[in-house]
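The next block is run04.txt, given as compact mmCIF, C-alpha atoms.
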```
# COMPACT_ATOMS: atom_id res chain seq x y z
CA MET A 1 -42.79 11.99 10.79
CA SER A 2 -40.11 9.57 11.92
CA THR A 3 -40.75 7.29 8.92
CA LEU A 4 -40.45 10.27 6.60
CA TYR A 5 -37.15 11.26 8.24
CA LYS A 6 -35.79 7.70 7.91
CA THR A 7 -36.87 7.53 4.27
CA ASN A 8 -35.06 10.79 3.57
CA ILE A 9 -31.83 9.58 5.15
CA ILE A 10 -31.91 6.34 3.18
CA LYS A 11 -32.63 8.30 0.00
CA ILE A 12 -29.70 10.65 0.61
CA LEU A 13 -27.40 7.69 1.37
CA LEU A 14 -28.50 5.83 -1.76
CA ASN A 15 -28.02 8.97 -3.87
CA HIS A 16 -24.48 9.38 -2.61
CA ILE A 17 -23.56 5.71 -2.58
CA PRO A 18 -20.99 5.90 -5.43
CA ILE A 19 -18.99 8.63 -3.71
CA ILE A 20 -19.31 6.89 -0.31
CA LEU A 21 -18.09 3.65 -1.92
CA LEU A 22 -15.19 5.50 -3.55
CA PHE A 23 -13.98 7.05 -0.29
CA VAL A 24 -14.48 3.84 1.69
CA SER A 25 -12.56 1.82 -0.90
CA ILE A 26 -9.73 4.36 -0.89
CA LEU A 27 -9.50 4.66 2.88
CA ASN A 28 -9.78 0.91 3.26
CA ASN A 29 -7.60 -0.10 0.30
CA PHE A 30 -10.30 -2.54 -0.72
CA ASP A 31 -8.39 -5.24 -2.65
CA PHE A 32 -8.60 -8.52 -0.65
CA ASN A 33 -4.82 -8.45 -0.13
CA TYR A 34 -5.21 -10.43 3.11
CA LEU A 35 -6.08 -13.52 1.06
CA ASN A 36 -2.38 -13.54 0.14
CA LEU A 37 -3.13 -14.77 -3.36
CA LYS A 38 0.01 -14.49 -5.41
CA TYR A 39 -0.18 -11.63 -7.92
CA PHE A 40 -3.83 -10.96 -7.08
CA SER A 41 -4.63 -7.29 -6.79
CA PHE A 42 -7.11 -4.99 -8.44
CA ASN A 43 -8.05 -1.36 -8.45
CA PHE A 44 -11.65 -1.05 -7.33
CA SER A 45 -11.65 2.75 -7.56
CA TYR A 46 -10.82 2.64 -11.30
CA ILE A 47 -13.79 0.31 -11.92
CA LEU A 48 -16.13 2.45 -9.83
CA ILE A 49 -15.07 5.78 -11.35
CA PHE A 50 -15.19 4.54 -14.95
CA TYR A 51 -18.55 2.82 -14.51
CA PHE A 52 -20.31 5.71 -12.81
CA SER A 53 -18.72 8.37 -15.06
CA LEU A 54 -19.93 6.43 -18.06
CA LYS A 55 -23.39 5.45 -16.89
CA ARG A 56 -24.48 7.90 -14.21
CA SER A 57 -22.20 10.88 -14.50
CA ALA A 58 -24.22 12.91 -12.00
CA SER A 59 -23.46 10.41 -9.19
CA LEU A 60 -19.79 11.37 -8.88
CA GLY A 61 -18.57 14.95 -8.77
CA TYR A 62 -15.24 15.66 -10.44
CA THR A 63 -14.07 17.75 -7.48
CA LEU A 64 -14.83 14.91 -5.09
CA ILE A 65 -12.95 12.50 -7.38
CA PHE A 66 -10.00 14.91 -7.33
CA ILE A 67 -10.08 14.99 -3.50
CA ALA A 68 -10.42 11.19 -3.37
CA GLY A 69 -7.28 10.98 -5.51
CA LEU A 70 -5.37 13.18 -3.05
CA PHE A 71 -6.48 10.91 -0.18
CA ASN A 72 -5.40 7.84 -2.15
CA ASP A 73 -1.93 9.32 -2.72
CA VAL A 74 -1.50 10.18 0.94
CA ILE A 75 -2.56 6.69 2.05
CA ASN A 76 -0.50 4.77 -0.49
CA GLY A 77 2.53 7.05 -0.25
CA THR A 78 2.51 7.95 -3.96
CA PRO A 79 3.36 11.54 -5.03
CA ILE A 80 0.41 13.81 -4.29
CA GLY A 81 -1.68 14.56 -7.39
CA MET A 82 -0.80 11.28 -9.12
CA SER A 83 -4.03 9.37 -8.41
CA SER A 84 -6.17 12.47 -8.98
CA LEU A 85 -4.63 12.81 -12.43
CA MET A 86 -5.31 9.15 -13.25
CA TYR A 87 -8.89 9.28 -11.91
CA LEU A 88 -9.67 12.44 -13.88
CA LEU A 89 -8.21 11.01 -17.09
CA LEU A 90 -10.46 8.01 -16.54
CA CYS A 91 -13.43 10.38 -16.09
CA GLY A 92 -12.41 12.29 -19.22
CA VAL A 93 -12.31 9.15 -21.35
CA ALA A 94 -15.64 8.00 -19.90
CA ALA A 95 -17.20 11.40 -20.65
CA TYR A 96 -15.82 11.28 -24.21
CA LEU A 97 -17.25 7.78 -24.71
CA ARG A 98 -20.58 8.94 -23.33
CA ALA A 99 -20.63 11.77 -25.86
CA ILE A 100 -19.88 9.56 -28.88
CA THR A 101 -21.72 6.33 -27.95
CA LEU A 102 -25.24 5.72 -29.18
CA SER A 103 -25.79 2.03 -28.42
CA VAL A 104 -24.60 0.78 -25.03
CA SER A 105 -23.23 -2.69 -24.36
CA LEU A 106 -21.11 -4.14 -21.57
CA LEU A 107 -18.62 -5.59 -24.03
CA LYS A 108 -18.00 -2.22 -25.74
CA ASP A 109 -17.64 -0.54 -22.34
CA TRP A 110 -15.24 -3.25 -21.25
CA ILE A 111 -13.02 -2.87 -24.33
CA SER A 112 -12.90 0.90 -23.79
CA PHE A 113 -12.13 0.35 -20.11
CA VAL A 114 -9.24 -2.04 -20.88
CA ILE A 115 -7.68 0.36 -23.38
CA THR A 116 -8.05 3.29 -20.96
CA LEU A 117 -6.62 1.19 -18.13
CA LEU A 118 -3.58 0.30 -20.23
CA VAL A 119 -3.02 3.94 -21.15
CA ILE A 120 -3.36 5.36 -17.63
CA ASN A 121 -1.29 2.59 -16.03
CA SER A 122 1.46 3.12 -18.60
CA LEU A 123 1.31 6.84 -17.92
CA SER A 124 1.48 6.31 -14.15
CA PHE A 125 4.37 3.84 -14.61
CA ILE A 126 6.28 6.33 -16.78
CA ILE A 127 5.72 9.22 -14.36
CA LEU A 128 6.67 7.15 -11.31
CA ASN A 129 9.68 5.36 -12.80
CA ILE A 130 11.17 7.88 -15.17
CA PHE A 131 10.31 11.28 -13.74
CA LEU A 132 9.99 10.58 -10.02
CA ASN A 133 12.42 7.64 -9.63
CA TYR A 134 9.96 5.39 -7.80
CA GLU A 135 10.59 1.68 -8.22
CA THR A 136 7.53 -0.39 -9.12
CA SER A 137 7.22 -3.95 -10.34
CA TYR A 138 6.16 -4.66 -13.94
CA ILE A 139 4.58 -7.99 -13.03
CA ASP A 140 2.48 -6.56 -10.20
CA GLN A 141 1.34 -3.74 -12.45
CA ILE A 142 0.38 -6.14 -15.25
CA SER A 143 -1.45 -8.53 -12.92
CA ASN A 144 -3.26 -5.54 -11.39
CA ILE A 145 -4.40 -4.45 -14.88
CA ILE A 146 -5.54 -7.98 -15.78
CA PHE A 147 -7.58 -8.48 -12.60
CA THR A 148 -9.05 -4.98 -12.73
CA SER A 149 -10.11 -5.60 -16.35
CA LEU A 150 -11.66 -8.95 -15.52
CA LEU A 151 -13.49 -7.67 -12.48
CA TYR A 152 -15.01 -4.86 -14.54
CA LEU A 153 -17.23 -7.55 -16.04
CA ILE A 154 -18.55 -8.49 -12.58
CA PHE A 155 -18.91 -5.24 -10.65
CA PRO A 156 -21.44 -3.58 -13.05
CA PHE A 157 -24.01 -6.16 -11.93
CA LEU A 158 -23.53 -5.04 -8.33
CA PHE A 159 -23.63 -1.36 -9.31
CA ASN A 160 -26.78 -1.94 -11.39
CA PHE A 161 -28.38 -3.61 -8.39
CA ILE A 162 -27.53 -0.57 -6.23
CA GLU A 163 -28.90 1.76 -8.90
CA ASP A 164 -32.12 -0.25 -9.14
CA ARG A 165 -32.58 -0.03 -5.38
CA ARG A 166 -31.96 3.71 -5.60
CA SER A 167 -34.53 4.13 -8.35
CA ALA A 168 -37.03 2.05 -6.38
CA TRP A 169 -36.76 4.50 -3.46
CA MET B 1 -13.54 13.44 -43.43
CA GLU B 2 -13.69 17.03 -42.19
CA THR B 3 -17.01 16.36 -40.43
CA SER B 4 -15.68 13.34 -38.48
CA ARG B 5 -12.70 15.42 -37.31
CA ASP B 6 -15.11 18.12 -36.15
CA ASP B 7 -17.19 15.54 -34.31
CA PHE B 8 -14.07 14.30 -32.54
CA VAL B 9 -13.13 17.84 -31.46
CA ILE B 10 -16.67 18.52 -30.26
CA ALA B 11 -16.76 15.28 -28.26
CA ILE B 12 -13.36 15.99 -26.68
CA ARG B 13 -14.43 19.54 -25.83
CA SER B 14 -17.69 18.41 -24.29
CA ALA B 15 -15.86 15.70 -22.26
CA PHE B 16 -12.99 17.76 -20.91
CA LEU B 17 -14.20 21.36 -20.92
CA LYS B 18 -17.93 21.18 -20.24
CA LYS B 19 -19.01 21.53 -16.62
CA GLU B 20 -21.72 19.04 -15.76
CA THR B 21 -24.70 20.07 -13.65
CA GLN B 22 -23.67 21.04 -10.11
CA GLN B 23 -19.97 20.77 -11.07
CA LYS B 24 -17.75 23.70 -10.14
CA PHE B 25 -14.76 22.70 -12.24
CA SER B 26 -14.32 21.01 -15.59
CA ILE B 27 -12.16 17.88 -15.90
CA LEU B 28 -9.43 19.85 -17.67
CA THR B 29 -9.20 22.38 -14.82
CA LEU B 30 -8.87 19.60 -12.26
CA ILE B 31 -6.30 17.75 -14.42
CA ILE B 32 -4.24 20.96 -14.49
CA PHE B 33 -4.61 21.21 -10.68
CA SER B 34 -3.38 17.60 -10.33
CA ILE B 35 -0.33 18.28 -12.49
CA ILE B 36 0.43 21.44 -10.49
CA PHE B 37 0.13 19.43 -7.24
CA LEU B 38 2.41 16.74 -8.66
CA ILE B 39 5.11 19.20 -9.74
CA LEU B 40 4.97 21.42 -6.66
CA GLY B 41 4.84 18.36 -4.38
CA GLU B 42 8.06 17.06 -5.94
CA ILE B 43 9.90 20.33 -5.41
CA ASN B 44 8.69 20.42 -1.77
CA PHE B 45 6.68 23.61 -2.18
CA LYS B 46 5.62 24.61 1.35
CA PRO B 47 1.85 25.21 0.92
CA ILE B 48 1.54 21.81 -0.80
CA ASN B 49 3.38 20.22 2.13
CA TYR B 50 0.88 21.82 4.55
CA ILE B 51 -2.03 20.48 2.48
CA LYS B 52 -0.34 17.07 2.50
CA ILE B 53 0.08 17.13 6.30
CA ALA B 54 -3.58 18.14 6.80
CA ILE B 55 -4.83 15.37 4.48
CA LYS B 56 -2.53 12.87 6.20
CA GLU B 57 -3.90 13.63 9.66
CA ILE B 58 -7.50 13.27 8.41
CA ALA B 59 -6.85 10.27 6.16
CA TYR B 60 -4.82 8.19 8.64
CA ARG B 61 -7.45 8.59 11.38
CA SER B 62 -10.37 7.90 9.05
CA THR B 63 -8.65 4.92 7.46
CA PHE B 64 -8.45 3.34 10.92
CA ILE B 65 -12.19 3.77 11.46
CA VAL B 66 -13.23 2.79 7.93
CA SER B 67 -11.12 -0.35 7.92
CA VAL B 68 -12.72 -1.77 11.09
CA PRO B 69 -15.16 -4.09 9.23
CA GLU B 70 -12.47 -5.32 6.83
CA LYS B 71 -10.07 -5.84 9.74
CA PHE B 72 -12.71 -7.94 11.48
CA ILE B 73 -13.11 -10.13 8.38
CA LYS B 74 -9.35 -10.34 7.97
CA GLU B 75 -8.80 -11.34 11.60
CA SER B 76 -11.57 -13.95 11.45
CA TYR B 77 -9.97 -15.38 8.31
CA TYR B 78 -6.55 -15.62 9.97
CA LYS B 79 -8.10 -17.07 13.14
CA ILE B 80 -9.82 -19.84 11.19
CA GLN B 81 -6.63 -20.53 9.27
CA SER B 82 -4.53 -20.73 12.43
CA HIS B 83 -7.08 -23.06 14.06
CA LEU B 84 -6.80 -25.38 11.09
CA ASP B 85 -3.01 -25.44 11.33
CA VAL B 86 -2.78 -25.74 15.11
CA TYR B 87 -1.74 -29.42 15.27
CA GLU B 88 1.09 -29.07 12.73
CA ILE B 89 2.32 -25.85 14.34
CA ASN B 90 2.33 -27.42 17.78
CA LYS B 91 4.44 -30.36 16.63
CA LYS B 92 6.91 -28.01 14.97
CA ASN B 93 7.01 -25.75 18.02
CA GLU B 94 7.80 -28.64 20.37
CA LEU B 95 10.82 -29.58 18.27
CA GLU B 96 11.98 -25.97 18.05
CA LEU B 97 11.57 -25.48 21.80
CA LYS B 98 13.85 -28.41 22.53
CA GLU B 99 16.52 -26.98 20.24
CA LEU B 100 16.16 -23.49 21.67
CA ARG B 101 16.48 -24.65 25.26
CA ALA B 102 19.79 -26.25 24.37
CA LYS B 103 20.99 -23.11 22.58
CA GLU B 104 19.92 -20.75 25.36
CA LEU B 105 22.51 -22.19 27.72
CA SER B 106 25.42 -20.89 25.68
CA ASN B 107 23.61 -17.76 24.49
CA ASP B 108 23.86 -15.74 27.71
CA PHE B 109 27.58 -16.33 27.93
CA LEU B 110 28.09 -15.27 24.30
CA ALA B 111 25.98 -12.13 24.71
CA LEU B 112 27.99 -10.97 27.70
CA GLU B 113 31.26 -11.72 25.95
CA ASN B 114 30.07 -9.85 22.84
CA LYS B 115 29.04 -6.82 24.89
CA ARG B 116 32.46 -6.73 26.59
CA LEU B 117 34.28 -6.93 23.22
CA LYS B 118 32.12 -4.24 21.61
CA GLU B 119 32.74 -1.91 24.52
CA ILE B 120 36.47 -2.33 23.85
CA VAL B 121 36.06 -1.22 20.21
CA ASP B 122 33.59 1.55 21.19
CA ASP B 123 30.80 0.14 19.04
CA PHE B 124 28.27 -0.63 21.69
CA LEU B 125 24.91 1.00 21.08
CA VAL B 126 22.22 1.09 23.71
CA GLU B 127 18.54 1.81 23.40
CA ASP B 128 17.93 5.54 23.56
CA LYS B 129 14.18 5.72 23.28
CA SER B 130 11.63 2.99 22.82
CA THR B 131 7.94 3.44 22.17
CA PHE B 132 5.20 0.97 21.48
CA ALA B 133 2.84 2.01 18.73
CA LYS B 134 -0.39 0.63 17.39
CA VAL B 135 -0.62 -0.12 13.68
CA LEU B 136 -3.43 2.08 12.36
CA SER B 137 -3.42 0.69 8.87
CA ASP B 138 -1.29 -1.69 6.90
CA LYS B 139 -1.32 -0.63 3.28
CA ASN B 140 -0.23 -3.94 1.91
CA SER B 141 -0.66 -2.81 -1.66
CA PRO B 142 1.36 -4.64 -4.32
CA PHE B 143 3.34 -1.45 -4.98
CA PHE B 144 4.04 0.08 -1.59
CA LYS B 145 4.70 -1.84 1.59
CA SER B 146 4.29 0.37 4.60
CA VAL B 147 2.32 0.63 7.83
CA ILE B 148 0.94 3.69 9.55
CA ILE B 149 1.36 3.86 13.33
CA ASN B 150 -0.41 6.00 15.92
CA LYS B 151 2.69 7.72 17.26
CA GLY B 152 4.29 10.81 15.77
CA SER B 153 6.59 13.71 16.57
CA LYS B 154 4.62 14.61 19.70
CA HIS B 155 5.55 11.18 21.10
CA GLY B 156 9.22 11.66 20.25
CA ILE B 157 9.35 9.51 17.12
CA ASN B 158 12.27 10.47 14.88
CA LEU B 159 12.86 9.96 11.19
CA GLY B 160 15.00 6.85 10.62
CA SER B 161 14.04 5.14 13.90
CA VAL B 162 14.00 1.36 13.81
CA ALA B 163 10.72 -0.56 13.87
CA LEU B 164 10.66 -3.98 15.50
CA ASP B 165 8.08 -6.72 15.82
CA LYS B 166 9.07 -8.54 19.02
CA LYS B 167 12.86 -8.80 18.50
CA TYR B 168 12.74 -8.83 14.69
CA LEU B 169 13.45 -5.91 12.42
CA ILE B 170 10.50 -4.94 10.23
CA GLY B 171 11.52 -1.55 8.83
CA LYS B 172 12.27 2.05 9.58
CA VAL B 173 10.31 5.25 10.07
CA VAL B 174 10.27 7.24 6.82
CA GLU B 175 7.64 9.84 7.56
CA VAL B 176 6.81 11.55 10.85
CA ASN B 177 3.63 13.58 11.29
CA PHE B 178 2.36 15.21 14.45
CA ALA B 179 0.37 12.23 15.74
CA THR B 180 1.13 9.50 13.21
CA SER B 181 4.12 8.06 11.36
CA ARG B 182 4.76 5.79 8.40
CA VAL B 183 7.07 2.78 8.66
CA LEU B 184 8.56 1.54 5.39
CA LEU B 185 8.64 -2.25 5.61
CA LEU B 186 11.66 -4.35 4.67
CA SER B 187 9.59 -5.97 1.93
CA ASP B 188 9.14 -2.67 0.04
CA LEU B 189 10.95 -2.43 -3.30
CA ASN B 190 12.71 0.74 -2.18
CA SER B 191 14.04 -0.77 1.07
CA LYS B 192 17.79 -1.53 1.08
CA ILE B 193 19.46 -2.69 4.31
CA PRO B 194 23.12 -3.55 4.99
CA VAL B 195 23.12 -7.06 6.45
CA ILE B 196 25.47 -9.77 7.60
CA LEU B 197 24.91 -13.44 6.84
CA GLU B 198 25.79 -15.62 9.79
CA PRO B 199 27.53 -17.94 10.60
CA MET B 200 29.77 -17.24 7.54
CA GLY B 201 29.94 -13.52 8.26
CA HIS B 202 29.36 -12.39 4.64
CA LEU B 203 28.43 -8.73 4.36
CA SER B 204 25.67 -7.98 1.93
CA ILE B 205 22.77 -5.74 0.95
CA MET B 206 19.24 -6.96 1.43
CA SER B 207 16.56 -5.53 -0.79
CA GLY B 208 12.76 -5.70 -0.60
CA THR B 209 10.85 -7.24 -3.49
CA GLY B 210 7.34 -5.89 -3.01
CA LYS B 211 6.35 -9.40 -1.93
CA ASN B 212 6.55 -11.14 1.46
CA TYR B 213 10.26 -11.94 1.13
CA GLY B 214 13.52 -10.11 0.56
CA ILE B 215 16.53 -10.88 -1.63
CA ILE B 216 20.28 -10.79 -1.19
CA GLU B 217 21.07 -8.19 -3.81
CA TYR B 218 24.79 -7.78 -3.33
CA ASN B 219 26.98 -10.42 -1.76
CA GLN B 220 30.48 -9.35 -0.71
CA ASN B 221 32.17 -12.47 -2.08
CA GLN B 222 29.68 -13.02 -4.92
CA THR B 223 29.34 -16.61 -3.73
CA ARG B 224 26.24 -18.72 -3.78
CA ILE B 225 24.98 -19.39 -0.29
CA ASP B 226 24.39 -22.99 0.59
CA GLY B 227 23.27 -24.19 3.97
CA ASP B 228 21.35 -22.52 6.76
CA MET B 229 22.11 -18.84 7.13
CA ILE B 230 20.53 -16.22 9.31
CA VAL B 231 20.35 -12.61 8.21
CA TYR B 232 21.12 -9.90 10.79
CA THR B 233 21.63 -6.16 10.41
CA SER B 234 25.33 -5.47 9.94
CA GLY B 235 25.27 -2.00 11.47
CA ALA B 236 27.20 -0.65 8.46
CA GLY B 237 26.44 2.99 7.80
CA GLY B 238 25.37 3.50 11.41
CA LEU B 239 21.68 3.38 10.52
CA PHE B 240 20.81 0.28 12.49
CA ARG B 241 22.41 -1.40 15.48
CA SER B 242 24.21 -4.56 14.37
CA GLY B 243 22.76 -7.96 15.15
CA ILE B 244 19.02 -7.35 14.85
CA PRO B 245 17.58 -10.56 13.37
CA ILE B 246 15.73 -10.15 10.06
CA GLY B 247 15.14 -13.57 8.53
CA LYS B 248 16.52 -16.77 7.17
CA ILE B 249 17.99 -17.54 3.74
CA ASP B 250 15.82 -19.88 1.72
CA ILE B 251 18.47 -22.02 0.06
CA ASN B 252 16.09 -23.60 -2.42
CA SER B 253 14.49 -20.55 -3.92
CA PHE B 254 15.79 -17.76 -6.05
CA GLU B 255 14.47 -14.67 -7.75
CA ASN B 256 16.47 -13.74 -10.85
CA GLU B 257 19.58 -15.46 -9.45
CA ASP B 258 19.18 -13.58 -6.14
CA GLN B 259 18.63 -15.68 -3.06
CA LYS B 260 15.41 -15.22 -1.15
CA ILE B 261 15.12 -14.27 2.52
CA ASN B 262 12.10 -15.38 4.50
CA PHE B 263 11.38 -12.73 7.11
CA TYR B 264 10.89 -13.85 10.70
CA SER B 265 8.03 -11.44 11.13
CA ASP B 266 4.76 -11.74 9.23
CA PHE B 267 4.15 -8.19 7.99
CA SER B 268 0.48 -8.84 7.29
CA GLN B 269 -0.16 -9.60 10.98
CA LEU B 270 1.32 -6.51 12.60
CA LYS B 271 -0.78 -4.99 15.37
CA PHE B 272 1.77 -3.32 17.60
CA VAL B 273 5.33 -2.35 16.77
CA LYS B 274 8.23 -1.17 18.86
CA ILE B 275 9.93 2.00 17.64
CA LEU B 276 13.52 2.31 18.79
CA SER B 277 16.35 4.72 18.42
CA TYR B 278 19.91 3.97 19.52
CA LYS B 279 22.80 5.95 20.92
CA LYS B 280 26.35 5.10 21.94
CA GLU B 281 26.75 3.96 25.52
CA GLU B 282 28.17 6.65 27.76
CA ASN B 283 30.81 5.48 30.15
```
Please re-express this file's structure in structure tokens.
Amino acid sequence: MSTLYKTNIIKILLNHIPIILLFVSILNNFDFNYLNLKYFSFNFSYILIFYFSLKRSASLGYTLIFIAGLFNDVINGTPIGMSSLMYLLLCGVAAYLRAITLSVSLLKDWISFVITLLVINSLSFIILNIFLNYETSYIDQISNIIFTSLLYLIFPFLFNFIEDRRSAW
Amino acid sequence: METSRDDFVIAIRSAFLKKETQQKFSILTLIIFSIIFLILGEINFKPINYIKIAIKEIAYRSTFIVSVPEKFIKESYYKIQSHLDVYEINKKNELELKELRAKELSNDFLALENKRLKEIVDDFLVEDKSTFAKVLSDKNSPFFKSVIINKGSKHGINLGSVALDKKYLIGKVVEVNFATSRVLLLSDLNSKIPVILEPMGHLSIMSGTGKNYGIIEYNQNQTRIDGDMIVYTSGAGGLFRSGIPIGKIDINSFENEDQKINFYSDFSQLKFVKILSYKKEEN
């Protein structure tokens, strides 16, 4: 009985791991900033949302992504609704790619991710700087895009590992 | 040609309008919600502000709990780093201590004299309220430099209060919630502080850069600063008390012709901060 109960808990946790990871990364601002590496920063939530929306769309609910965006705005001090908009655009592009793609490859996904990243970061930069008069740095934004793009090539291996473990259960 | 256009429209429709299994809203609906939030949030629409306050109270508390493992790793990393540097730091500290002991002798006299003179010109501010607060989370993101503290309006924290780390200025309170507040750090791009550069007495504006240093953005005499200079708050505008130490001018480094200021306080290491507000001394 107790083994069955434990198995169920682990199963539920593994099923919800993408959304748990998303909220933990947002609440924790998971970006290794304490290493104090000059210009190093990346957006883990973009990688996670794009990957799971593209590969396992059922793992992340759009409403939960919307709420996660609101939390991210509150924590980072950005105008409320900004991150939700960016996350949902990312989901939209991933869903579009899922609908039109027949053969899957990491390289194709990566190219789509980079283009999407450039578009949504430009959009966020325009909204923040032009419409809302927030000052942000070009260089930090560019380095963030570069590192996020590069790390997209690494994180899928980790996510695949998690998915394999989930399937095994 | 017509077929490929149709395919594109179908794919877009299925991506943005179709509700997936167990989804209550389509992406388009939620995008519209986000835009509404963004617009209403900017015009300070009351219900949105209440939602914001509720999310803040939940998010700030949960961020403290969730960041415990990362904080542990971070602290271990800093501990190891400080152990490695201990010999060098000790040598430097010994030299500094000797210099400081010599300076301290004349310091008390100067402080008393300064207080007497300021009282004459009715510019002497005394501490009104001081509170120690714990740093719940330091969102050291490359875009926004702020910390969240565990004291809010119920502890008497006011908007615009000064935040200090030991005796050094680190920022000011820009957001007060019921049990938490946000301190905008001096290093944030949107932080502008009126300062005085001593011993020359140049008035200037210090601006944050989004990195771990500030810059002298406007210099009263438009002169290049050579030599050792210490940056204090000037007290101009009545926002801060004058004479709170901020940092030191780095004479060898520049950012776009602006001179860099190395802050005395390390903003990545903040655990407790002192929140102060000032008032004029009553005779």
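Every residue within 6 Å of the file position (4.5, 12.0, -10.7), judged by only C-alpha atoms, is given as Pro79, Met82, Ile127, Leu128 and Leu132 of chain A; Leu38 of chain B.
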Near chain B, which residues of chain A fall within 9 Å when you count all atoms listed in the file, and what do they look like as a VMD selection string? chain A and resid 24 to 35 38 to 41 57 to 58 61 to 63 66 70 to 72 74 to 86 88 to 89 91 to 100 132 134 to 137 140 to 141 144
Tell me, in Å to one decimal, how far CA of Ile120 (chain A) is from CA of Asn43 (chain A).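 Separation of CA of Ile120 (chain A) and CA of Asn43 (chain A): 12.3 Å.
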Nearest residue to Val195 (chain B) out of B:Lys92, B:Lys167, B:Lys154, B:Arg241, using all atoms listed in the file? B:Arg241
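Between CA of Ile111 (chain A) and CA of Leu60 (chain A) lies a distance of 22.1 Å.
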Could you pull out every residue with an atom within 12 Å of (2.3, 8.8, 15.5), file coordinates, counting all atoms listed in the file, and send them as a PyMOL selection string? chain B and resi 56-57+60-61+131-137+147-159+173-183+273+275
Close residues, region 150-163 of chain A itself excluded, 10 Å, all atoms listed in the file, min 2 positions apart in chain, as a ChimeraX atom specification: /A:14-15,17-18,42-44,46-48,50-52,55-56,106-107,109-110,113-114,144-148,165-169
Skipping near chain neighbours, those fewer than 6 positions away, what residues fall within 6 Å of Ala163 (chain B) using only C-alpha atoms, listed as a list in words? Ile170, Gly171, Lys172, Lys274 and Ile275 of chain B
Point-to-point distance in Å for CA of Val231 (chain B) and CA of Met206 (chain B):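 That distance, rounded to one decimal, is 8.9 Å.
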Find the residues around Gly237 (chain B) up to 12 Å (all atoms listed in the file counted), leave out those fewer than 2 positions away in its own chain, and share them as a VMD selection string. chain B and resid 192 to 195 205 233 to 235 239 to 242
Please enclose the listed atoms of region 13-23 of chain A in an axis-aligned box, pad each side by 4 Å, and write out the centre and the three edge lengths in Å, rounded to one decimal, as JSON.
```
{"center_x": -21.2, "center_y": 6.5, "center_z": -2.0, "size_x": 22.5, "size_y": 13.7, "size_z": 14.8}
```
